[in-house]
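Reading through the structure tokens given below for one structure.
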Amino acid sequence: MSVIHVNWQEQFKTEVLDYKWIVILDFWAEWCGPCRMLGPIMEELSNDYEWKDVKIAKVNVDENNEIAWVFQVSSIPAVFIMKDGKPVDSIIGANPKWVYINKIEALKSN
């Protein structure tokens with residue numbers, strides 16, 4: 001599975017809000033250096049968790065500011081960890097891959 005790029009009108013509800021497992025929701029922008037550093041990590045996580053009830057989704061804040069507004073994103077990269085369509089945790093800034101793995105594994109064990 002590759003990273004899914006979602007937007008409000010077409011995919012956000014079905015790909016994120018209606019998903020009954022874990023979604024890692026990455027708010028980013030093309031001009032953001034730390035966001036570009038985080039991109040390959042999100043791709044790796046998508047490959048690592050393929051077929052394991054974890055979806056990686058990205059939202060470009062410049063193209064989908066309505067979604068960013070709903071989540072009150074004021075700094076990027078901002079990663080929200082969603083479970084059953086609801087945010088349960090968030091991480092601001094680019095972090096090493098293990099930070100995201102630890103959050104995912106903690107949720108999977110609950």
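Every chain in the structure tokens has a letter given in the order shown (A, B, ...), and although residue numbers restart at 1 in each chain, ligands are simply numbered from 1 in the order shown.
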- Message: I'd like the neighbourhood of stretch 71-78 of chain A as a ChimeraX atom specification, where a residue qualifies if any of its atoms comes within 8 Å (using only C-alpha atoms), though same-chain residues fewer than 2 positions away should be ignored.
- Response: /A:26-29,32,34-35,38,67-69,80,90-94
Selection file, C-alpha atoms, as a compact mmCIF listing (two decimals), in the first residue's frame:
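This went into again-v3.txt:
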# COMPACT_ATOMS: atom_id res chain seq x y z
CA ASP A 26 0.27 13.69 7.92
CA PHE A 27 -0.44 17.40 7.33
CA TRP A 28 2.27 18.83 5.08
CA ALA A 29 3.14 21.39 2.38
CA CYS A 32 8.08 22.81 4.11
CA PRO A 34 10.77 19.17 7.57
CA CYS A 35 7.67 17.90 5.71
CA LEU A 38 9.15 13.19 6.77
CA ILE A 67 -9.23 19.91 6.76
CA ALA A 68 -6.27 21.65 8.43
CA TRP A 69 -8.68 24.15 9.97
CA PHE A 80 -2.43 12.93 13.84
CA SER A 90 -0.60 13.92 17.59
CA ILE A 91 3.05 14.61 16.87
CA ILE A 92 4.31 18.02 15.73
CA GLY A 93 7.49 18.28 13.69
CA ALA A 94 9.56 15.70 11.86
- Task: Could you tell me, as a ChimeraX atom specification, which residues of chain A DSSP assigns to alpha helix (DSSP H) when given the backbone?
- Result: /A:33-48,65-70,97-108
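Residues surrounding A:Leu45 within 8 Å are Ile56, Lys97 and Ile101 of chain A [only C-alpha atoms; sequence separation below 5 positions excluded].
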Suppose we keep N, CA and C atoms; can you now write the selection as a PDB file, in the first residue's frame?
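Generated output (again11.pdb):
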ATOM      1  N   ILE A  56      -1.652   5.061   5.917  1.00  0.00           N
ATOM      2  CA  ILE A  56      -0.915   6.318   5.973  1.00  0.00           C
ATOM      3  C   ILE A  56      -1.551   7.266   4.960  1.00  0.00           C
ATOM      4  N   LYS A  97      11.595   7.575  12.514  1.00  0.00           N
ATOM      5  CA  LYS A  97      10.596   6.544  12.213  1.00  0.00           C
ATOM      6  C   LYS A  97      10.131   5.805  13.467  1.00  0.00           C
ATOM      7  N   ILE A 101       6.388   4.363  14.860  1.00  0.00           N
ATOM      8  CA  ILE A 101       6.199   2.927  15.100  1.00  0.00           C
ATOM      9  C   ILE A 101       5.722   2.686  16.528  1.00  0.00           C
TER      10      ILE A 101
END
- Using only C-alpha atoms, the shortest atom-to-atom distance to A:Lys83 among A:Ile104, A:Gly33, A:Lys52, A:Val61 belongs to A:Ile104
Selection near A:Ile81, 12 Å with only C-alpha atoms, sequence-local residues under 5 positions removed, as a short mmCIF file (atom, residue, chain, number, x, y, z; two decimals) with N, CA and C atoms, in the first residue's frame:
data_model
loop_
_atom_site.label_atom_id
_atom_site.label_comp_id
_atom_site.auth_asym_id
_atom_site.auth_seq_id
_atom_site.Cartn_x
_atom_site.Cartn_y
_atom_site.Cartn_z
N VAL A 16 -10.36 8.31 5.80
CA VAL A 16 -9.87 8.62 7.14
C VAL A 16 -10.97 8.46 8.18
N LEU A 17 -12.04 9.21 8.05
CA LEU A 17 -13.07 9.23 9.09
C LEU A 17 -13.83 7.91 9.21
N TRP A 21 -9.78 1.34 11.60
CA TRP A 21 -8.54 0.91 12.23
C TRP A 21 -7.68 2.13 12.49
N ILE A 22 -6.40 2.04 12.25
CA ILE A 22 -5.47 3.15 12.54
C ILE A 22 -5.13 3.89 11.25
N VAL A 23 -5.18 5.22 11.32
CA VAL A 23 -4.73 6.07 10.23
C VAL A 23 -3.68 7.03 10.78
N ILE A 24 -2.55 7.10 10.10
CA ILE A 24 -1.54 8.10 10.40
C ILE A 24 -1.78 9.22 9.39
N LEU A 25 -2.20 10.37 9.88
CA LEU A 25 -2.63 11.49 9.03
C LEU A 25 -1.58 12.58 9.10
N ASP A 26 -0.85 12.77 8.00
CA ASP A 26 0.27 13.69 7.92
C ASP A 26 -0.15 14.97 7.20
N PHE A 27 -0.17 16.09 7.93
CA PHE A 27 -0.44 17.40 7.33
C PHE A 27 0.90 17.98 6.90
N VAL A 54 -3.30 -0.60 9.10
CA VAL A 54 -2.78 0.74 9.32
C VAL A 54 -2.69 1.43 7.96
N LYS A 55 -3.26 2.62 7.90
CA LYS A 55 -3.25 3.39 6.65
C LYS A 55 -2.47 4.68 6.89
N ILE A 56 -1.65 5.06 5.92
CA ILE A 56 -0.92 6.32 5.97
C ILE A 56 -1.55 7.27 4.96
N ALA A 57 -1.97 8.44 5.45
CA ALA A 57 -2.63 9.42 4.58
C ALA A 57 -1.97 10.78 4.76
N LYS A 58 -1.88 11.52 3.66
CA LYS A 58 -1.28 12.85 3.68
C LYS A 58 -2.31 13.88 3.23
N PHE A 71 -8.80 20.39 12.07
CA PHE A 71 -7.86 19.77 13.00
C PHE A 71 -7.02 20.80 13.77
N LYS A 86 -11.27 8.79 14.80
CA LYS A 86 -11.11 9.87 15.77
C LYS A 86 -9.63 10.06 16.11
N PRO A 87 -9.20 11.33 16.26
CA PRO A 87 -7.80 11.56 16.65
C PRO A 87 -7.56 11.12 18.09
N VAL A 88 -6.51 10.34 18.30
CA VAL A 88 -6.18 9.87 19.64
C VAL A 88 -4.81 10.38 20.11
N ASP A 89 -4.02 10.91 19.18
CA ASP A 89 -2.70 11.41 19.53
C ASP A 89 -2.21 12.29 18.38
N SER A 90 -1.20 13.11 18.66
CA SER A 90 -0.60 13.92 17.59
C SER A 90 0.88 14.11 17.87
N ILE A 91 1.61 14.37 16.79
CA ILE A 91 3.05 14.61 16.87
C ILE A 91 3.33 15.81 15.97
N ILE A 92 3.97 16.83 16.51
CA ILE A 92 4.31 18.02 15.73
C ILE A 92 5.79 17.97 15.39
N VAL A 99 9.55 6.76 16.40
CA VAL A 99 8.53 7.48 17.16
C VAL A 99 7.14 7.08 16.67
N TYR A 100 6.97 7.03 15.35
CA TYR A 100 5.68 6.68 14.76
C TYR A 100 5.37 5.19 14.98
N ILE A 101 6.39 4.36 14.86
CA ILE A 101 6.20 2.93 15.10
C ILE A 101 5.72 2.69 16.53
N ASN A 102 6.35 3.35 17.49
CA ASN A 102 5.94 3.17 18.89
C ASN A 102 4.49 3.58 19.10
N LYS A 103 4.06 4.67 18.49
CA LYS A 103 2.65 5.12 18.63
C LYS A 103 1.71 4.11 18.01
N ILE A 104 2.06 3.61 16.83
CA ILE A 104 1.20 2.62 16.14
C ILE A 104 1.11 1.35 16.97
N GLU A 105 2.24 0.85 17.41
CA GLU A 105 2.24 -0.41 18.16
C GLU A 105 1.49 -0.29 19.49
N ALA A 106 1.59 0.86 20.14
CA ALA A 106 0.85 1.07 21.38
C ALA A 106 -0.66 1.01 21.12
N LEU A 107 -1.10 1.58 20.02
CA LEU A 107 -2.52 1.55 19.68
C LEU A 107 -2.97 0.16 19.28
N LYS A 108 -2.13 -0.55 18.56
CA LYS A 108 -2.49 -1.89 18.10
C LYS A 108 -2.63 -2.86 19.27
#
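The closest residue to A:Asp84, picked from A:Glu30, A:Asp18, A:Ser109, A:Ile41 and counting only C-alpha atoms, is A:Asp18.
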